[in-house]
Every structure is written in C-alpha cells, then in structure tokens.
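**Q** What follows is a structure written as structure tokens; I'll ask about it next.
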Amino acid sequence: MNSLKILEESSLTEERLLPVAINITDDERRMIREAADYLEKKYGSFENREFVTQVHQLASYFLPDRLLKKLADFSSDFSKDQYGALIFKGLFDIDQEKIGNTPANWQSADYSKFNAYGFACALLHGGLPSKPVQYYSQRKGGGLIHAIIPDDKMRETQTGSGSATDLYVHTEDAFLKHQADFLSFMYVRNEEQVPSTLYSIRSHESIREDFRPLFDPIFKIPKDANLQNEEEETETLDAVLYGNQKLPFMRFDAAEQLFNPSIQQTDLAHHALNKFWQEAKHLIYSDFTPQAGDVILVNNHLCAHGRSAFRAGVKNVNGVELNCEKRIMLRMMSKVSLMDMRAHTLTEDPFFVIEEHLGKNFKNFQ
Ligand SMILES: [Fe+2]
C-alpha cells in the first residue's frame, strides 16, 4: 500500500492521480438535510417510484449548485485526470442514537431508520444523472439500498458481510454486462476506523503493450462469492478492459479472476491478468478512513473498491481495545440508461435487473 495524501478540491499537485475529497459546508449540509426531510414527508419512502422517476429533476431543484456541477463533471469525464471516485466529507449528520445498536446482519436491519439517508444518496445519483436500480444478483434485489454490516457467520468471506480478511479490490458485479455505472457508499457508522480502499484504472501511467490482451474476450469472469453455483458455470468469456483503447474502462475482480482456485484461466489470460495485478496492487489507495456521514461516490467503470481486514465491534482508543458498535455502510447502485439493459430487467419493472452472468438472465425470469 502506498501512503499518499488525499486531494482536497481537485488540487492536482502530486504526480499521481488521487480521489477528490469535497468538504461539505454547513449550509450545503443543511440544504441536503432539509431536502431529505421534505421529500420524506412528500413521498414517504425513497423507494417510492414517483420519487425515483423524478430524481433528476428533484436533484437539480434541491442540491446545492456547487455539488450539481461536480456531479455533472464527474459523470461525463473519463479523461486521464478522472480518478473515478468523489468523497463527500460530512454530507449528512447521522443521528447515532436513532440508529441504535448495529443489527447482527443485513437481514435484520430496520430500513426505516435509513430512509432520510436513502433520499440523500438518491439525489446524488440523480444529479449525475443516473437512476437508482436494484439487482437480483445482489440480495435478490432487496431494494435500492443495501446495508453492509459485518456478520460474524460470514467473517472469512469475500463479501460485504466479511471482516476478517482483506476484501480484494473489485468493480461491483464484474460478472455482469450491465453492472452498475455508479455506486455510492454512505458511512453511517465506522467506529472501528476501517479505511476504505480504492483503485483506479487511471492510476496506471499508461496502458502498456503487455496489457493489450486485457482488451480481448479471453477471460473467465466468475460470479462472486455472494452467488452459489447451483449449476455448472458456463464458459462465457469477456474482456477485462473495454471502451477507449488509451483511456479504458475495466471489469476487474482480483479475488475472482486471479485467486479463485476453482477458476482456471488459460495461460495467456492468466499471464496478462497477473502482469496487470503486479502493477495494480501498488496503486491501491487506502489512506481515507470514512467517518459517519461521509459518502464515497464511485464510477464503477473506472474505479474498483475494497476494504482492509478489521475486527468488527472493536475500536482502538490510545492503544486500548474497546468494544464498539459494528460498522454500518449503505450502498446504492445506479444506471445511466434503463434502455440499454432492457433485455435484462423485469417486464413490469425496468429498475429491477435480472442479469445473472455476462448477458444471461436468471432462469426463473426467462
Ligand atoms: Fe463491492
């Protein structure tokens, strides 16, 4: 891991590109809070379809101008200077008492407690503009926000519920053709002070000649650890890099594509991936430790995410280990276009994605 300082307000003074942090002012935070309160009164839930359908117009109306401009730039800038992650520091005041004790797992979370945060996150996606959607491949849909909570029974897994091992950097749902375009991670609680890890394809100085095979559809892209393999995995292959040849996008999951023991890449594919990883692993950024109320917004085609191993429910105060409430993070995913993925959404709900693996839908929806 390198030790780089986070950039404040895009002051690109260092040679290497880093995520941009935006300090939310008191006035901006108040505007967002008031917007969430108003929208909650008007629409009830952030899942309300009328709200989600109008989220772009509502974002333009309610979000501070400075943030709207940053969101618009972020969504259409794929340049060499675009890291692919924006950090909004102090976007929302979190009422820790109202949240109460952290539940044992995501299945037992009370989502009504997160309703105002759902509105705030949806407005960020709306301002890009991008539309909040849900994926059957993640928690069978489960709504537009997923609570990511360490679960003791899942400690060792490469999932959001894990904690005891490093969660390798990955773009979300790398095994889908229509993976989310943007992700937001709102930190409700992080008393353990777990740093987040980010890795941008733009952190490579250049796309070298020996990375060229990564543009070819020769790679096995296995489904992730959340999904049980009930049947034999089909041998669908895809590329790791795509889009522009000089400034590409990526679908990359180190744990699944390189280190999954049940997946045998061909020698050519393995060699190319390994070369890529040998450079990429030194470009991982892990100097930002999110605090309650911070939001990280990620372009899922440019920037991968992960997290270091940690002990859930244990904080360190001046060298003394004390029990604390376990971490809670809220993830929202969005797509810029509902039309492009229409073959992979429910007939009656274009916001519900039913793709299972690289262009193939779940059988129960075919
Ligand atoms: Fe993830």
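As shown in the structure tokens, the chain order sets the letters A, B, ...; within each chain, residues go from 1, and ligands are also counted from 1 in the order they appear.
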List as a CSV table (one decimal) with N, CA, C and O atoms, in the first residue's frame the protein and nucleic acid residues near region 304-312 of chain A, meaning an atom at most 6 Å away when only C-alpha atoms are counted, but skip any in the same chain fewer than 3 places from it.

**A**
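Result went into around26.csv, see below:
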```csv
chain,number,residue,atom,x,y,z
A,163,SER,N,-15.2,-9.6,7.3
A,163,SER,CA,-14.4,-8.6,8.0
A,163,SER,C,-13.0,-9.1,8.3
A,163,SER,O,-12.1,-8.3,8.3
A,164,ALA,N,-12.8,-10.4,8.5
A,164,ALA,CA,-11.6,-10.9,9.0
A,164,ALA,C,-10.5,-11.0,7.9
A,164,ALA,O,-9.3,-11.1,8.2
A,165,THR,N,-10.8,-10.9,6.7
A,165,THR,CA,-9.8,-10.9,5.6
A,165,THR,C,-10.0,-9.6,4.8
A,165,THR,O,-11.1,-9.0,4.7
A,166,ASP,N,-8.9,-9.2,4.1
A,166,ASP,CA,-9.0,-8.1,3.2
A,166,ASP,C,-10.0,-8.4,2.1
A,166,ASP,O,-10.0,-9.5,1.6
A,167,LEU,N,-10.9,-7.4,1.8
A,167,LEU,CA,-11.8,-7.6,0.7
A,167,LEU,C,-11.0,-7.0,-0.5
A,167,LEU,O,-10.8,-5.8,-0.6
A,168,TYR,N,-10.6,-7.9,-1.4
A,168,TYR,CA,-9.8,-7.5,-2.6
A,168,TYR,C,-10.6,-6.4,-3.4
A,168,TYR,O,-11.8,-6.4,-3.5
A,169,VAL,N,-9.8,-5.6,-4.0
A,169,VAL,CA,-10.4,-4.5,-4.9
A,169,VAL,C,-11.2,-5.2,-6.0
A,169,VAL,O,-10.7,-6.2,-6.6
A,170,HIS,N,-12.3,-4.6,-6.3
A,170,HIS,CA,-13.2,-5.2,-7.4
A,170,HIS,C,-14.1,-4.1,-7.9
A,170,HIS,O,-14.5,-3.2,-7.2
A,171,THR,N,-14.4,-4.2,-9.2
A,171,THR,CA,-15.5,-3.3,-9.6
A,171,THR,C,-16.8,-4.2,-9.3
A,171,THR,O,-16.8,-5.4,-9.4
A,196,SER,N,-11.2,2.7,3.8
A,196,SER,CA,-11.7,2.1,2.5
A,196,SER,C,-10.6,2.0,1.5
A,196,SER,O,-9.7,2.8,1.6
A,197,THR,N,-10.6,1.1,0.6
A,197,THR,CA,-9.6,1.0,-0.4
A,197,THR,C,-10.2,1.3,-1.7
A,197,THR,O,-11.4,0.9,-2.0
A,198,LEU,N,-9.5,2.0,-2.5
A,198,LEU,CA,-9.9,2.4,-3.9
A,198,LEU,C,-8.8,2.1,-4.8
A,198,LEU,O,-7.6,2.3,-4.5
A,199,TYR,N,-9.1,1.8,-6.1
A,199,TYR,CA,-8.1,1.6,-7.1
A,199,TYR,C,-8.6,2.0,-8.4
A,199,TYR,O,-9.7,1.5,-8.9
A,326,LYS,N,-20.8,-2.1,15.8
A,326,LYS,CA,-20.2,-2.5,14.5
A,326,LYS,C,-20.5,-1.5,13.4
A,326,LYS,O,-21.5,-0.8,13.4
```

**Q** If you count only C-alpha atoms, which residues fall within 8 Å of Glu40 (chain A), apart from same-chain ones fewer than 3 positions away, as a list in words?

**A**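 Listed by chain and then number, they are Ala36, Asp37, Tyr43, Gly44, Ser45, Phe46, Asn115, Ala116 and Phe119 of chain A.
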
**Q** Write a file of the selected residues as a short mmCIF file (atom, residue, chain, number, x, y, z; two decimals), in the first residue's frame, keeping C-alpha atoms.

**A**
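As written to disk, result_26.cif reads:
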```
data_model
loop_
_atom_site.label_atom_id
_atom_site.label_comp_id
_atom_site.auth_asym_id
_atom_site.auth_seq_id
_atom_site.Cartn_x
_atom_site.Cartn_y
_atom_site.Cartn_z
CA ALA A 36 -34.43 14.84 2.64
CA ASP A 37 -36.94 15.88 5.31
CA TYR A 43 -43.00 10.64 -0.86
CA GLY A 44 -42.76 8.54 2.31
CA SER A 45 -40.02 6.17 1.19
CA PHE A 46 -37.04 6.77 -1.11
CA ASN A 115 -34.95 6.43 4.97
CA ALA A 116 -33.61 10.02 5.08
CA PHE A 119 -33.21 10.20 -0.13
#
```

**Q** Within 10 Å of His125 (chain A), counting only C-alpha atoms, which residues show up once you throw out same-chain ones fewer than 2 positions away? Write them as a list in words, please.

**A**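 Returned residues: Val55, His56, Ala59, Leu71, Ser75, Ala120, Cys121, Ala122, Leu123, Gly127, Leu128, Pro129, Ser130, Lys131, Pro132, Phe182, Leu183, Ser184, Leu297, Met332, Met333, Ser334, Lys335 and Val336 of chain A.
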
**Q** How would you write, as a list in words, the set of residues in region 170-287 of chain A that DSSP gives as strand (DSSP E or B)?

**A**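 So the strand (DSSP E or B) residues in region 170-287 of chain A would be His170, Phe182, Leu183, Ser184, Phe185, Met186, Tyr187, Val188, Arg189, Ser196, Thr197, Leu198, Tyr199, Ser200, Phe219, Lys220, Leu237, Asp238, Leu241, Tyr242, Gly243, Pro248, Phe249, Met250, Asp253, Tyr285, Ser286 and Asp287 of chain A.
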
**Q** When you count only C-alpha atoms, which of these residues is closest to Pro213 (chain A): A:Lys177, A:Thr157, A:Phe252, A:Leu273?

**A**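 Ranked by minimum distance to Pro213 (chain A), first place goes to A:Leu273.
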
**Q** Identify which of the residues A:Ile328, A:Ile201, A:Met186, A:Ala174 lies closest to Phe78 (chain A), counting only C-alpha atoms when measuring atom-to-atom distances.

**A**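 With only C-alpha atoms as the atom set, the closest residue is A:Ile201.
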
**Q** Excluding Asn323 (chain A) and its own-chain neighbours fewer than 5 positions away, which residues fall within 12 Å of it when counting only C-alpha atoms? Please give them as a list in words.

**A**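 Counting only C-alpha atoms, the residues come to Glu191, Glu192, Arg311, Ala312, Gly313, Val314, Lys315, Asn316 and Val317 of chain A.
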